[in-house]
Structures are given as structure tokens and as C-alpha cells.
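File shown: model-v6.txt. Contents: compact mmCIF, C-alpha atoms and all ligand atoms.
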```
# COMPACT_ATOMS: atom_id res chain seq x y z
CA MET A 872 70.91 94.70 206.17
CA THR A 873 72.47 98.16 206.65
CA GLU A 874 73.13 99.48 203.16
CA PRO A 875 76.87 100.07 202.68
CA ILE A 876 77.95 103.66 202.09
CA LEU A 877 80.98 104.22 199.89
CA HIS A 878 82.88 107.49 200.39
CA HIS A 879 84.78 108.05 197.15
CA TYR A 880 85.40 110.19 194.06
CA PRO A 881 85.11 109.06 190.43
CA VAL A 882 88.78 109.35 189.33
CA SER A 883 90.12 107.18 192.20
CA PRO A 884 91.41 103.76 191.04
CA PHE A 885 91.09 102.26 194.54
CA ALA A 886 87.49 103.48 194.64
CA GLU A 887 86.95 101.87 191.22
CA LYS A 888 88.15 98.60 192.75
CA VAL A 889 85.40 98.77 195.38
CA ARG A 890 82.73 100.04 192.95
CA ALA A 891 83.45 97.03 190.74
CA MET A 892 83.36 94.66 193.73
CA LEU A 893 79.99 96.13 194.78
CA GLY A 894 78.77 95.50 191.23
CA PHE A 895 80.11 91.93 191.35
CA LYS A 896 78.30 91.30 194.64
CA GLY A 897 75.08 92.82 193.25
CA LEU A 898 74.80 95.03 196.33
CA ALA A 899 72.71 98.19 196.59
CA TRP A 900 74.83 100.96 198.08
CA LYS A 901 74.89 104.62 198.93
CA SER A 902 77.46 106.91 197.38
CA VAL A 903 79.07 109.91 199.06
CA GLN A 904 81.31 112.11 196.92
CA ILE A 905 84.34 113.26 198.92
CA PRO A 906 87.05 115.82 198.11
CA LEU A 907 90.07 114.81 196.05
CA VAL A 908 92.50 116.71 198.27
CA MET A 909 92.70 117.85 201.88
CA PRO A 910 90.93 119.35 203.76
CA LYS A 911 88.29 116.61 204.10
CA PRO A 912 86.45 117.59 207.28
CA ASP A 913 83.58 115.12 206.90
CA VAL A 914 85.92 112.21 206.12
CA VAL A 915 88.09 113.03 209.12
CA ALA A 916 84.99 113.37 211.34
CA LEU A 917 84.26 109.72 210.55
CA THR A 918 87.80 108.33 210.64
CA GLY A 919 89.54 110.55 213.18
CA GLY A 920 92.39 111.35 210.78
CA TYR A 921 92.74 108.70 208.05
CA ARG A 922 92.27 110.54 204.74
CA LYS A 923 92.63 107.98 201.99
CA THR A 924 90.00 107.02 199.44
CA PRO A 925 87.73 105.05 199.57
CA LEU A 926 86.04 104.38 202.91
CA LEU A 927 83.17 102.01 203.52
CA GLN A 928 80.64 102.93 206.17
CA LEU A 929 78.13 100.54 207.72
CA GLY A 930 76.11 102.62 210.18
CA ALA A 931 78.60 103.67 212.86
CA ASP A 932 81.39 101.37 211.61
CA ILE A 933 83.96 102.84 209.25
CA TYR A 934 86.23 100.52 207.25
CA CYS A 935 89.54 101.87 205.95
CA ASP A 936 91.56 100.31 203.10
CA THR A 937 90.23 98.25 200.21
CA ALA A 938 91.90 95.00 201.41
CA LEU A 939 89.69 95.13 204.49
CA ILE A 940 86.67 96.45 202.55
CA ALA A 941 86.87 93.34 200.32
CA ARG A 942 86.52 91.13 203.42
CA VAL A 943 83.59 93.20 204.69
CA LEU A 944 81.80 92.89 201.34
CA GLU A 945 82.42 89.14 201.46
CA ARG A 946 80.75 89.00 204.87
CA LEU A 947 77.79 91.13 203.67
CA ALA A 948 77.24 89.07 200.51
CA PRO A 949 79.08 85.74 200.56
CA ARG A 950 77.95 84.81 197.02
CA PRO A 951 79.47 85.26 194.51
CA SER A 952 82.67 84.91 196.52
CA LEU A 953 85.72 87.16 196.19
CA PHE A 954 87.77 84.21 197.43
CA PRO A 955 86.60 81.23 195.32
CA GLN A 956 90.06 79.59 195.52
CA GLY A 957 90.31 80.42 199.26
CA ASP A 958 92.08 83.28 201.02
CA THR A 959 95.48 81.88 200.03
CA LEU A 960 98.97 83.31 200.06
CA ALA A 961 99.10 83.34 196.24
CA VAL A 962 95.85 85.33 196.01
CA GLN A 963 96.88 87.77 198.76
CA ALA A 964 100.36 88.20 197.28
CA ALA A 965 98.97 88.94 193.81
CA ALA A 966 96.49 91.44 195.25
CA TRP A 967 99.17 93.14 197.36
CA PHE A 968 101.60 93.33 194.46
CA ALA A 969 98.99 94.96 192.22
CA ASP A 970 97.64 97.35 194.89
CA ASN A 971 101.06 98.50 196.00
CA VAL A 972 103.84 97.83 193.49
CA MET A 973 101.86 98.08 190.26
CA PHE A 974 99.79 101.02 191.49
CA GLY A 975 103.04 102.96 192.02
CA ILE A 976 104.03 102.24 188.42
CA ALA A 977 100.61 102.97 186.86
CA ILE A 978 100.00 106.31 188.60
CA PRO A 979 102.85 108.31 187.03
CA ILE A 980 101.81 106.91 183.63
CA ALA A 981 98.09 107.61 183.86
CA PHE A 982 98.07 110.71 186.10
CA GLN A 983 100.64 112.79 184.22
CA PRO A 984 100.50 116.45 185.33
CA GLY A 985 97.81 118.23 183.35
CA GLY A 986 97.09 115.11 181.26
CA GLY A 987 95.83 111.54 181.59
CA MET A 988 93.09 110.85 184.10
CA ILE A 989 93.14 114.38 185.49
CA LYS A 990 92.49 115.85 182.05
CA LEU A 991 89.77 113.25 181.43
CA TYR A 992 87.94 113.86 184.70
CA PHE A 993 88.79 117.56 185.17
CA PRO A 994 88.98 119.01 181.64
CA ASP A 995 88.75 122.56 183.01
CA ALA A 996 91.39 122.14 185.71
CA THR A 997 93.24 125.38 186.35
CA PRO A 998 97.02 125.53 186.93
CA GLU A 999 96.19 126.38 190.58
CA PHE A 1000 94.14 123.18 190.93
CA LEU A 1001 96.95 121.11 189.37
CA GLU A 1002 99.49 122.66 191.70
CA LYS A 1003 97.27 122.04 194.72
CA PHE A 1004 96.78 118.41 193.67
CA GLY A 1005 100.54 117.84 193.21
CA LYS A 1006 101.35 119.43 196.56
CA ASP A 1007 98.63 117.47 198.34
CA ARG A 1008 99.98 114.13 197.09
CA ALA A 1009 103.61 115.08 197.81
CA ALA A 1010 102.59 115.97 201.38
CA MET A 1011 100.69 112.69 201.67
CA ARG A 1012 103.83 110.70 200.77
CA GLN A 1013 105.99 112.63 203.25
CA GLY A 1014 107.69 110.30 205.74
CA GLY A 1015 106.22 107.16 204.17
CA THR A 1016 107.64 104.37 202.02
CA VAL A 1017 106.01 105.26 198.68
CA ARG A 1018 108.26 106.38 195.84
CA ARG A 1019 107.06 107.74 192.51
CA GLY A 1020 109.63 106.89 189.83
CA PRO A 1021 110.22 108.92 186.67
CA LEU A 1022 107.90 108.29 183.72
CA HIS A 1023 110.42 106.37 181.56
CA GLU A 1024 111.20 103.98 184.42
CA CYS A 1025 107.47 103.38 185.07
CA LYS A 1026 106.80 102.75 181.37
CA ALA A 1027 109.64 100.22 181.17
CA ASN A 1028 108.39 98.43 184.27
CA MET A 1029 104.80 98.47 183.01
CA GLN A 1030 105.90 96.90 179.71
CA GLY A 1031 107.66 94.06 181.56
CA LEU A 1032 104.68 93.49 183.84
CA LEU A 1033 102.15 93.50 180.99
CA GLU A 1034 104.13 90.75 179.24
CA ARG A 1035 103.88 88.64 182.38
CA ILE A 1036 100.20 89.41 182.98
CA GLU A 1037 99.43 88.39 179.40
CA ALA A 1038 101.28 85.10 179.94
CA GLN A 1039 99.50 84.54 183.26
CA LEU A 1040 96.03 85.03 181.75
CA LYS A 1041 95.59 81.52 180.40
CA GLY A 1042 91.94 81.65 181.40
CA PRO A 1043 89.73 84.71 181.75
CA TYR A 1044 91.14 85.62 185.18
CA LEU A 1045 94.46 85.53 187.04
CA PHE A 1046 93.75 82.24 188.80
CA GLY A 1047 91.72 80.59 186.04
CA GLY A 1048 88.00 80.61 185.37
CA GLU A 1049 86.77 82.33 188.53
CA LEU A 1050 87.08 85.98 189.39
CA CYS A 1051 88.75 86.66 192.76
CA VAL A 1052 89.86 89.59 194.87
CA ALA A 1053 93.28 89.75 193.15
CA ASP A 1054 91.57 90.32 189.78
CA PHE A 1055 89.93 93.46 191.17
CA SER A 1056 93.34 94.68 192.37
CA LEU A 1057 94.89 94.12 188.97
CA TYR A 1058 91.87 95.65 187.25
CA HIS A 1059 91.91 98.92 189.17
CA VAL A 1060 95.61 99.61 188.58
CA LEU A 1061 95.25 98.99 184.83
CA TRP A 1062 91.90 100.81 184.67
CA PRO A 1063 93.40 104.34 184.40
CA VAL A 1064 95.90 103.24 181.71
CA TRP A 1065 92.97 101.76 179.78
CA LYS A 1066 90.63 104.74 180.37
CA VAL A 1067 93.00 107.34 178.95
CA ALA A 1068 93.17 107.48 175.13
CA ASP A 1069 96.86 108.49 175.19
CA THR A 1070 97.97 105.51 177.28
CA ARG A 1071 95.53 102.83 176.07
CA PRO A 1072 97.84 101.91 173.14
CA MET A 1073 100.28 100.51 175.74
CA LEU A 1074 97.77 97.66 176.16
CA ALA A 1075 97.32 96.96 172.42
CA PRO A 1076 100.03 94.24 172.22
CA PHE A 1077 98.29 92.41 175.10
CA PRO A 1078 94.82 91.35 173.88
CA ARG A 1079 94.11 88.95 176.76
CA THR A 1080 94.93 91.68 179.28
CA GLN A 1081 92.76 94.18 177.45
CA LYS A 1082 89.84 91.71 177.39
CA PHE A 1083 90.38 91.06 181.10
CA ILE A 1084 89.98 94.80 181.85
CA GLU A 1085 86.93 95.08 179.59
CA ARG A 1086 85.33 92.03 181.22
CA ILE A 1087 85.62 93.50 184.72
CA ALA A 1088 84.63 97.01 183.60
CA ALA A 1089 81.48 95.46 182.08
CA ILE A 1090 80.38 94.19 185.52
CA GLY A 1091 79.45 97.77 186.35
CA HIS A 1092 78.99 99.29 189.79
CA GLY A 1093 75.68 97.82 190.97
CA ARG A 1094 72.84 100.03 192.18
CA SER A 1095 73.83 103.20 194.00
CA THR A 1096 72.03 106.26 195.34
CA GLU A 1097 73.81 109.54 196.01
CA ILE A 1098 73.63 110.98 199.52
CA SER A 1099 75.51 113.93 201.04
CA SER A 1100 78.39 113.60 203.49
CA GLY A 1101 76.12 115.36 206.01
CA ASP A 1102 73.56 112.55 205.58
CA ALA A 1103 76.34 109.98 206.10
CA LEU A 1104 77.39 111.71 209.33
CA GLN A 1105 73.77 111.68 210.49
CA ILE A 1106 73.54 107.93 209.72
CA ALA A 1107 76.71 107.33 211.78
CA ARG A 1108 75.42 109.46 214.65
CA SER A 1109 72.10 107.67 214.86
CA ALA A 1110 73.62 104.16 214.67
CA THR A 1111 75.42 102.09 217.29
CA PRO A 1112 78.76 100.46 216.42
CA GLU A 1113 78.58 96.68 215.95
CA ALA A 1114 79.75 94.57 218.89
CA VAL A 1115 83.17 93.08 218.03
CA GLN A 1116 82.96 89.29 218.06
CA GLY A 1117 85.82 87.42 219.73
CA ALA A 1118 87.97 90.50 220.44
CA VAL A 1119 91.66 89.80 221.07
CA ALA A 1120 94.77 91.86 221.80
CA LEU A 1121 97.33 90.04 219.64
CA GLU A 1122 100.90 91.39 219.83
CA THR A 1123 99.85 94.93 220.69
CA GLY A 1124 103.19 95.87 222.26
CA GLY A 1125 101.55 96.05 225.67
CA ILE A 1126 98.29 97.88 224.84
CA ALA A 1127 95.29 96.19 226.48
CA LEU A 1128 91.80 96.23 225.05
CA GLY A 1129 90.02 99.32 226.38
CA GLU A 1130 93.21 101.44 226.42
CA GLN A 1131 93.84 104.39 224.15
CA ALA A 1132 95.82 103.50 221.03
CA GLN A 1133 96.95 105.06 217.79
CA VAL A 1134 96.79 103.55 214.28
CA MET A 1135 98.12 104.80 210.96
CA PRO A 1136 99.23 103.45 207.58
CA VAL A 1137 102.96 102.92 207.09
CA ASP A 1138 103.17 103.64 203.35
CA SER A 1139 101.60 107.08 202.86
CA GLY A 1140 99.01 109.34 204.44
CA LEU A 1141 100.60 108.89 207.86
CA ASP A 1142 97.73 110.52 209.75
CA PRO A 1143 97.29 108.90 213.14
CA VAL A 1144 93.84 107.92 214.41
CA THR A 1145 93.42 107.75 218.18
CA GLY A 1146 90.77 105.77 220.01
CA GLU A 1147 89.99 103.01 222.46
CA LEU A 1148 91.39 99.68 221.30
CA ARG A 1149 88.48 97.26 220.81
CA ASN A 1150 90.24 94.55 218.80
CA ALA A 1151 93.71 93.76 217.47
CA SER A 1152 93.65 90.42 215.68
CA ALA A 1153 96.02 89.14 213.00
CA ASP A 1154 93.73 90.65 210.37
CA GLU A 1155 92.09 93.73 211.84
CA ILE A 1156 92.49 96.58 214.30
CA VAL A 1157 89.40 98.34 215.67
CA LEU A 1158 89.40 101.69 217.47
CA ARG A 1159 86.33 103.26 219.07
CA ARG A 1160 86.21 107.03 219.16
CA SER A 1161 83.75 109.88 219.50
CA ASP A 1162 83.32 112.89 217.33
CA PRO A 1163 81.01 115.88 217.86
CA ARG A 1164 79.42 115.36 214.42
CA ALA A 1165 79.78 111.61 213.76
CA GLY A 1166 78.97 110.48 217.33
CA THR A 1167 80.56 107.28 218.63
CA VAL A 1168 82.06 105.29 215.78
CA GLN A 1169 84.31 102.30 215.34
CA VAL A 1170 87.14 102.70 212.85
CA HIS A 1171 88.47 99.45 211.35
CA PHE A 1172 91.90 98.98 209.72
CA PRO A 1173 93.65 95.97 208.26
CA ARG A 1174 96.55 94.79 210.44
CA PHE A 1175 98.92 94.41 207.48
CA GLY A 1176 100.36 97.75 206.34
CA PHE A 1177 99.26 99.61 209.47
CA GLN A 1178 101.11 100.57 212.62
CA LEU A 1179 99.58 100.19 216.10
CA SER A 1180 101.11 102.16 218.96
CA LYS A 1181 100.24 103.65 222.34
CA ALA A 1182 98.29 106.88 222.11
CA ALA A 1183 100.68 109.84 222.21
N1 LIG B 1 95.87 100.94 200.63
C1 LIG B 1 94.79 101.85 200.36
C2 LIG B 1 95.21 102.83 199.26
C3 LIG B 1 94.15 103.86 198.96
C4 LIG B 1 94.71 105.03 198.15
O1 LIG B 1 95.93 105.27 198.08
N2 LIG B 1 93.81 105.77 197.53
C5 LIG B 1 94.18 106.99 196.86
C6 LIG B 1 93.15 107.31 195.78
S1 LIG B 1 93.12 106.09 194.52
C7 LIG B 1 94.17 108.12 197.87
O2 LIG B 1 93.80 107.91 199.00
N3 LIG B 1 94.56 109.32 197.45
C8 LIG B 1 94.54 110.44 198.35
C9 LIG B 1 93.20 110.88 198.76
O3 LIG B 1 92.17 110.51 198.19
O4 LIG B 1 93.14 111.68 199.70
C10 LIG B 1 93.55 101.07 200.00
O5 LIG B 1 93.64 99.90 199.59
O6 LIG B 1 92.43 101.59 200.21
```
Show this structure as C-alpha cells.
Ligand SMILES: N[C@@H](CCC(=O)N[C@@H](CS)C(=O)NCC(=O)O)C(=O)O
Amino acid sequence: MTEPILHHYPVSPFAEKVRAMLGFKGLAWKSVQIPLVMPKPDVVALTGGYRKTPLLQLGADIYCDTALIARVLERLAPRPSLFPQGDTLAVQAAAWFADNVMFGIAIPIAFQPGGGMIKLYFPDATPEFLEKFGKDRAAMRQGGTVRRGPLHECKANMQGLLERIEAQLKGPYLFGGELCVADFSLYHVLWPVWKVADTRPMLAPFPRTQKFIERIAAIGHGRSTEISSGDALQIARSATPEAVQGAVALETGGIALGEQAQVMPVDSGLDPVTGELRNASADEIVLRRSDPRAGTVQVHFPRFGFQLSKAA
């Protein structure tokens, strides 16, 4: 089996979601540390424009977005399953709510300027670094649908959500006794609140929730080996993209397979990726593109939350 390569950085909650899923699956993986802010030349060489964190690479196939990465990990290692109750609406809805709504509430709490996670992971951060970080994220949200509310509003919403999470956790996990993909989504958005000493007391009135976070954190990250982004580009260049099984062109707005198309997220980081359309199913879009350093790669996106259009 091609060893999966995770492109990530330590402070990223979405990367923590995938690190924990890799640990759960007991997979050996390669780790590439990528920049926190743009420019990210080696990331963009692989994706063609998409800049978010993390990415999963399997040879010359690049998977964007953790919702899709979860499905890829399930295919690589079906047991233990990330979908023990099935890939149901309730599971998907809970995962989406955590990844999108709750993430937007947790970030202003745990990534307060100059404090929180940034202080924990970058204790020597200069004012210039903090300014660059703030500007990078503001630019990333430009034109998208993501809103960052003021701190007091986020804290109020977090309090209300924690009460409901605590009530939901009748067993060890959201849907009972078995861990599923939605638990990893909930875990990674609460992870920064739990990591930071200043915000951890918010969880104190919710012992079941706190135990839930500790239980998933204790899974660990599996076995990883560090490689450079140059090594990852070399791996992509010397591999051949996987043949897409059962390719379809479902509701593409008139784009046929083999034609040039453009894909980008709709929420934030609206950086279009252009390539030849190889698949557009209800779940996944695949573009094939070539890059002088990465060679010919296939970039995979989930269908949900992404926009497919004709190449400009
Ligand atoms: N829907 C995406 C969201 C990923 C995301 O927003 N990641 C954050 C880091 S936690 C990010 O990309 N930040 C900007 C960056 O790393 O360039 C996913 O599930 O992968």
C-alpha cells in the first residue's frame, strides 16, 4: 500500500482531526510540515491553488478537505470503521455542524490574537508574525461565507453548545458506544479550547465532554515519519495517478469528462484549481493537472461545499 502523506502543521485543528483518524486506523504515514500562511509554493504545486490545511497525498493523488480524507482513510483501512453506524444523514450532519458551525465559534475563543493556541505553539511570535497571520486569514475569508463573530458572542454560543454536547454524550461517543467520523469532527473543534490553559476551564462544568476529548486525544497519531515537501513532490512526480473507477459527469453544468474545469471551496480560501475533469460524482470531483515540479497529479475534492465551473 502507498503510505499516506499528510501535509499539515501542528497547531491546525483540522490537521489534528486527520492525525487522530490516522491513529485510530493504526496507519503508518509520512508527515510533511507546511507553512501556516501563504505563500505555500510546494502545497500549490501539488494542488494547483487550493491552500487549506491539511492535504492527504497518495502518490500522485492529492485529497483536499478532511471530509473526503476521512473516506479515503476508510478505503485504505476499513477496520476499525469511521462509519460503524453507516454513512447516515445524522452522522454527516453532526460532522458538518462541528466542522463548520462549531469551528467558527471555537476559533475566536482559542486563537485570540497573541494568546491561546498561537501563544502555546509560537511562544516567541513577534508582532509582525501576528499581524501577518491575521492578514492572511482575513484575506482567506475574503468573498466567502465564513464570519468570525466577536469573542463574547462565541463564548455564549459555545456555552449553549457544550450543554447540549454534555446531554448528548450518554455513552462514550456522540452516537453511543462506537467512535465515528462525527466524533473526530467534534474532537478537533474542542481540542484547541481544551489545549489552552486559559480556555480549558470553560469545559470544567462538562465532565463527560472533557472525558470525550481526553479519550480521543489518548488515541494518539499512529506512526509517522517526517519527510520534506521536496521529497513529497518527488514522490508525486515519480508516481502515476490512480485510474478513476466508474467516472461520471453528474450535473456538471455542461462540462464533459476530459474538458477543462475549475474547482474551489465556497466558504473560504476561494482559490480556483484548474484541470481536466476526470470525475464529478455526487461525492467527489477529480481534476487532472500537470505541474513542472509535481508532474501529472489528480486533485480530489468533496462535491459538497465546493463549486465546479468551466475553466476561465
Ligand atoms: N473544510 C476544510 C477546512 C480546513 C481548514 O479550514 N483548515 C485551516 C487550518 S485548521 C486552514 O486551512 N487554515 C489556513 C491555512 O492553513 O492556510 C477541511 O475539512 O479540510
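For ligand LIG 1 (chain B), the neighbouring protein, DNA and RNA residues, which are those within 7 Å when all atoms listed in the file are counted, are Ser883, Pro884, Phe885, Ala886, Leu907, Val908, Met909, Arg922, Lys923, Thr924, Pro925, Cys935, Asp936, Thr937, Ala938, Asp970 and Arg1008 of chain A.
Closest to Phe1046 in chain A among A:Val962, A:Val882, A:Leu1158, A:Leu1179 is A:Val962, based on all atoms listed in the file.
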Distance query Gly1047 in chain A at most 12 Å, only C-alpha atoms, self and fewer than 5 positions along chain excluded, as a list of chain:residue names: A:Pro955, A:Gln956, A:Val962, A:Gln1039, A:Leu1040, A:Lys1041, A:Gly1042, A:Ala1053, A:Asp1054, A:Phe1083
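Minimum atom-to-atom distance to Pro949 in chain A, evaluated using only C-alpha atoms, belongs to A:Gly897 out of A:Gly1129, A:Gly897, A:Gly1166, A:Gly1093.
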Selection as an MDAnalysis selection string: residues within 7 Å of (90.4, 110.6, 215.9), counting only C-alpha atoms: chainID A and resid 918:920 1144:1146 1160
Mind writing the picked residues with C-alpha atoms as an mmCIF file, in the coordinates of the input?
```cif
data_model
loop_
_atom_site.group_PDB
_atom_site.id
_atom_site.type_symbol
_atom_site.label_atom_id
_atom_site.label_comp_id
_atom_site.auth_asym_id
_atom_site.auth_seq_id
_atom_site.Cartn_x
_atom_site.Cartn_y
_atom_site.Cartn_z
ATOM 1 C CA THR A 918 87.800 108.330 210.640
ATOM 2 C CA GLY A 919 89.540 110.550 213.180
ATOM 3 C CA GLY A 920 92.390 111.350 210.780
ATOM 4 C CA VAL A 1144 93.840 107.920 214.410
ATOM 5 C CA THR A 1145 93.420 107.750 218.180
ATOM 6 C CA GLY A 1146 90.770 105.770 220.010
ATOM 7 C CA ARG A 1160 86.210 107.030 219.160
#
```
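Going from CA of Lys1006 in chain A over to CA of Ile933 in chain A, you cover 27.2 Å.
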Selection as an MDAnalysis selection string: residues within 12 Å of (103.6, 96.8, 191.7), counting all atoms listed in the file: chainID A and resid 964:978 1017:1020 1025 1028:1029 1031:1033 1036 1056:1057 1060:1061
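Considering all atoms listed in the file, the residue among A:Ala1183, A:Asp1162, A:Ala1118, A:Leu877 positioned nearest to Gln1131 in chain A is A:Ala1183.
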Just the residues within 12 Å of Val943 in chain A, please, counting only C-alpha atoms, with nothing from its chain fewer than 5 positions along; format it as a PDB file with C-alpha atoms, in the frame of the given file.
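out.pdb, freshly written:
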```
ATOM      1  CA  PRO A 875      76.870 100.070 202.680  1.00  0.00           C
ATOM      2  CA  VAL A 889      85.400  98.770 195.380  1.00  0.00           C
ATOM      3  CA  MET A 892      83.360  94.660 193.730  1.00  0.00           C
ATOM      4  CA  LEU A 893      79.990  96.130 194.780  1.00  0.00           C
ATOM      5  CA  LYS A 896      78.300  91.300 194.640  1.00  0.00           C
ATOM      6  CA  LEU A 926      86.040 104.380 202.910  1.00  0.00           C
ATOM      7  CA  LEU A 927      83.170 102.010 203.520  1.00  0.00           C
ATOM      8  CA  GLN A 928      80.640 102.930 206.170  1.00  0.00           C
ATOM      9  CA  LEU A 929      78.130 100.540 207.720  1.00  0.00           C
ATOM     10  CA  ASP A 932      81.390 101.370 211.610  1.00  0.00           C
ATOM     11  CA  ILE A 933      83.960 102.840 209.250  1.00  0.00           C
ATOM     12  CA  TYR A 934      86.230 100.520 207.250  1.00  0.00           C
ATOM     13  CA  CYS A 935      89.540 101.870 205.950  1.00  0.00           C
ATOM     14  CA  ASP A 936      91.560 100.310 203.100  1.00  0.00           C
ATOM     15  CA  THR A 937      90.230  98.250 200.210  1.00  0.00           C
ATOM     16  CA  ALA A 938      91.900  95.000 201.410  1.00  0.00           C
ATOM     17  CA  ALA A 948      77.240  89.070 200.510  1.00  0.00           C
ATOM     18  CA  PRO A 949      79.080  85.740 200.560  1.00  0.00           C
ATOM     19  CA  SER A 952      82.670  84.910 196.520  1.00  0.00           C
ATOM     20  CA  LEU A 953      85.720  87.160 196.190  1.00  0.00           C
ATOM     21  CA  ASP A1154      93.730  90.650 210.370  1.00  0.00           C
ATOM     22  CA  GLU A1155      92.090  93.730 211.840  1.00  0.00           C
ATOM     23  CA  HIS A1171      88.470  99.450 211.350  1.00  0.00           C
ATOM     24  CA  PHE A1172      91.900  98.980 209.720  1.00  0.00           C
ATOM     25  CA  PRO A1173      93.650  95.970 208.260  1.00  0.00           C
TER      26      PRO A1173
END
```
Point-to-point distance in Å for CA of Asp1069 in chain A and CA of Leu1022 in chain A: 14.0 Å
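Note that the spacing between CA of Lys990 in chain A and CA of Ala1068 in chain A amounts to 10.9 Å.
Restricting the calculation to all atoms listed in the file, the smallest distance between Ile1087 in chain A and any of A:His879, A:Lys911, A:Arg1071, A:Lys888 is found for A:Lys888.
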Select range 1099-1120 of chain A in the preceding structure and write N, CA and C atoms to a file as a short mmCIF file (atom, residue, chain, number, x, y, z; two decimals), in the first residue's frame.
```cif
data_model
loop_
_atom_site.label_atom_id
_atom_site.label_comp_id
_atom_site.auth_asym_id
_atom_site.auth_seq_id
_atom_site.Cartn_x
_atom_site.Cartn_y
_atom_site.Cartn_z
N SER A 1099 10.48 15.85 3.74
CA SER A 1099 10.41 17.26 3.33
C SER A 1099 9.34 17.41 2.24
N SER A 1100 8.93 18.66 2.01
CA SER A 1100 7.93 18.88 0.95
C SER A 1100 8.57 18.58 -0.41
N GLY A 1101 9.91 18.76 -0.50
CA GLY A 1101 10.61 18.40 -1.74
C GLY A 1101 10.51 16.89 -1.99
N ASP A 1102 10.66 16.10 -0.93
CA ASP A 1102 10.52 14.63 -1.07
C ASP A 1102 9.10 14.28 -1.54
N ALA A 1103 8.11 14.98 -0.96
CA ALA A 1103 6.71 14.70 -1.32
C ALA A 1103 6.46 15.03 -2.80
N LEU A 1104 7.07 16.12 -3.27
CA LEU A 1104 6.92 16.47 -4.69
C LEU A 1104 7.57 15.41 -5.57
N GLN A 1105 8.71 14.91 -5.12
CA GLN A 1105 9.41 13.85 -5.87
C GLN A 1105 8.56 12.57 -5.93
N ILE A 1106 7.91 12.25 -4.81
CA ILE A 1106 7.04 11.06 -4.76
C ILE A 1106 5.88 11.24 -5.76
N ALA A 1107 5.31 12.45 -5.78
CA ALA A 1107 4.20 12.72 -6.72
C ALA A 1107 4.69 12.58 -8.16
N ARG A 1108 5.86 13.15 -8.42
CA ARG A 1108 6.39 13.17 -9.79
C ARG A 1108 6.69 11.75 -10.29
N SER A 1109 7.14 10.90 -9.39
CA SER A 1109 7.52 9.55 -9.87
C SER A 1109 6.34 8.56 -9.80
N ALA A 1110 5.18 9.03 -9.38
CA ALA A 1110 4.01 8.13 -9.33
C ALA A 1110 3.05 8.44 -10.49
N THR A 1111 2.12 7.53 -10.70
CA THR A 1111 1.09 7.73 -11.72
C THR A 1111 -0.25 7.85 -11.00
N PRO A 1112 -1.07 8.85 -11.36
CA PRO A 1112 -2.37 8.95 -10.67
C PRO A 1112 -3.20 7.68 -10.85
N GLU A 1113 -3.95 7.34 -9.83
CA GLU A 1113 -4.83 6.16 -9.85
C GLU A 1113 -5.90 6.33 -10.93
N ALA A 1114 -6.23 5.23 -11.62
CA ALA A 1114 -7.34 5.29 -12.57
C ALA A 1114 -8.63 5.51 -11.78
N VAL A 1115 -9.49 6.43 -12.24
CA VAL A 1115 -10.77 6.66 -11.55
C VAL A 1115 -11.74 5.55 -11.94
N GLN A 1116 -12.29 4.89 -10.94
CA GLN A 1116 -13.24 3.80 -11.22
C GLN A 1116 -14.66 4.38 -11.40
N GLY A 1117 -15.30 3.97 -12.46
CA GLY A 1117 -16.71 4.36 -12.67
C GLY A 1117 -16.92 5.87 -12.76
N ALA A 1118 -16.07 6.54 -13.56
CA ALA A 1118 -16.17 8.01 -13.65
C ALA A 1118 -17.53 8.44 -14.23
N VAL A 1119 -18.08 9.50 -13.68
CA VAL A 1119 -19.35 10.05 -14.18
C VAL A 1119 -19.23 11.57 -14.26
N ALA A 1120 -20.14 12.18 -15.02
CA ALA A 1120 -20.20 13.64 -15.08
C ALA A 1120 -21.60 14.02 -14.61
#
```
